[in-house]
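> Dumping the structure here so I can ask a few things about it.
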Amino acid sequence: MSRIAVVPGSFDPVTLGHLDVIERSARIFDQIHVLVVHNPGKTALLPISQRVSLIQESIDEAGIKGDILVTSWSVGLLVDYATDVGASVLVKGIRSQVDVAYETPMAIVNRNLAGVETIFMLPDPAHAHVSSSLVRQVASLGGDVAPYVPKAVANYLEKARA
Ligand code: PNS
């Protein structure tokens with residue numbers, strides 16, 4: 001039986017920290033679905049379709065190997081998507097205790113809803129301070145986000161600013 005995992009998130013935009021978690025997950029699982037999900041608690045910068053394209057470009061650019069599908073989900077529960085594609089695991093990157101506190105209730109609810117387990121993955125500490133919200137803020141104020149995001153994202157944000 002193949003081991004399938006979903007790596008969900010807002011990815012608004014995808015960062016080097018996300019890419020690290022995607023790469024590590026792709027090494028562990030037979031197939032991963034990188035799933036862009038709208039988070040109603042956050043004000044979006046990029047349209048969902050653009051986030052999907054930027055993730056795909058970033059994976060290609062970084063030469064990340066594996067069976068990786070990048071797509072989005074906007075109808076119903078995240079665990080419905082996971083169940084539909086035969087995934088029993090969600091992978092979430094954890095940078096700090098703050099992330100643990102934010103992710104733990106969702107992990108418990110997702111397990112209760114559908115028996116879908118959540119694995120917390122520690123990314124490279126080099127990316128521990130990087131978040132999409134920080135990138136959005138720096139970009140909106142005209143700062144350089146190149147150290148925090150894949151080239152495809154830096155180029156996109158640069159063009160969007162021009
Ligand atoms: O990158 P983010 O914003 O931290 O990702 C959070 C996300 C989108 C993965 C989370 O909000 C989510 O799982 N949304 C799906 C809605 C859902 O299934 N909710 C019920 C169980 S928590």
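Order determines the names: the first chain of the structure tokens is A, the second B, and so forth; residues in each chain are numbered 1 upward, and ligands are numbered 1 upward as they are shown.
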Within 6 Å of stretch 14-30 of chain A, counting only C-alpha atoms, which residues qualify if same-chain residues fewer than 5 places away don't, as a list in words?
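Everything that qualifies: Ser2, Arg3, Ile4, Gly66, Pro123, His127, Tyr148, Val149 and Pro150 of chain A.
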> Just the selected residues (N, CA, C and O atoms), exported as a tab-separated table (two decimals), in the first residue's frame, please.

```tsv
chain	number	residue	atom	x	y	z
A	2	SER	N	0.56	2.21	-0.87
A	2	SER	CA	1.43	3.39	-0.91
A	2	SER	C	1.06	4.38	0.20
A	2	SER	O	-0.10	4.51	0.57
A	3	ARG	N	2.09	5.02	0.70
A	3	ARG	CA	1.89	5.98	1.80
A	3	ARG	C	1.74	7.37	1.20
A	3	ARG	O	2.66	7.88	0.56
A	4	ILE	N	0.55	7.92	1.41
A	4	ILE	CA	0.24	9.23	0.82
A	4	ILE	C	0.03	10.25	1.95
A	4	ILE	O	-0.65	9.94	2.94
A	66	GLY	N	10.39	13.42	-6.43
A	66	GLY	CA	9.34	12.66	-5.75
A	66	GLY	C	8.02	12.81	-6.47
A	66	GLY	O	7.90	13.58	-7.42
A	123	PRO	N	11.48	21.92	10.49
A	123	PRO	CA	12.27	22.34	9.32
A	123	PRO	C	13.69	22.71	9.74
A	123	PRO	O	14.00	22.76	10.93
A	127	HIS	N	15.41	28.34	8.78
A	127	HIS	CA	14.15	28.95	8.33
A	127	HIS	C	13.19	29.20	9.49
A	127	HIS	O	12.01	29.52	9.25
A	148	TYR	N	14.12	34.89	1.96
A	148	TYR	CA	13.11	34.07	2.64
A	148	TYR	C	12.24	33.22	1.72
A	148	TYR	O	11.49	32.37	2.20
A	149	VAL	N	12.29	33.51	0.44
A	149	VAL	CA	11.37	32.83	-0.49
A	149	VAL	C	12.13	32.25	-1.68
A	149	VAL	O	13.24	32.70	-2.01
A	150	PRO	N	11.53	31.25	-2.35
A	150	PRO	CA	12.15	30.74	-3.58
A	150	PRO	C	12.24	31.85	-4.63
A	150	PRO	O	11.47	32.82	-4.58
```
> Using only C-alpha atoms and all ligand atoms, which protein or nucleic acid residues are at most 7 Å from ligand 1, as a PyMOL selection string?
chain A and resi 8-11+37-39+76-79+106-107+109-110
> To test your reading of the structure, identify every residue in chain A that backbone DSSP assigns to alpha helix (DSSP H), and report it as a PyMOL selection string.
chain A and resi 16-28+48-62+78-84+97-114+132-140+151-161
> From the set A:Leu157, A:Ile55, A:Met121, A:Ala44, which residue has the shortest atom-to-atom contact distance to A:Ile94, counting only C-alpha atoms?
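When distances to A:Ile94 are compared using only C-alpha atoms, the smallest one comes from A:Met121.
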> Find the residues around A:His33 up to 9 Å (only C-alpha atoms counted), leave out those fewer than 5 positions away in its own chain, and share them as a list of chain:residue names.
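So the residues in contact are A:Ile4, A:Ala5, A:Val6, A:Val7, A:Pro8, A:Asp67, A:Ile68, A:Leu69, A:Val70, A:Thr71, A:Ala82, A:Val85, A:Ala87.
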> Going by DSSP on the backbone, which bits of stretch 30-140 of chain A are strand (DSSP E)? Write them as a ChimeraX atom specification, please.
/A:31-37,67-73,89-93,117-121
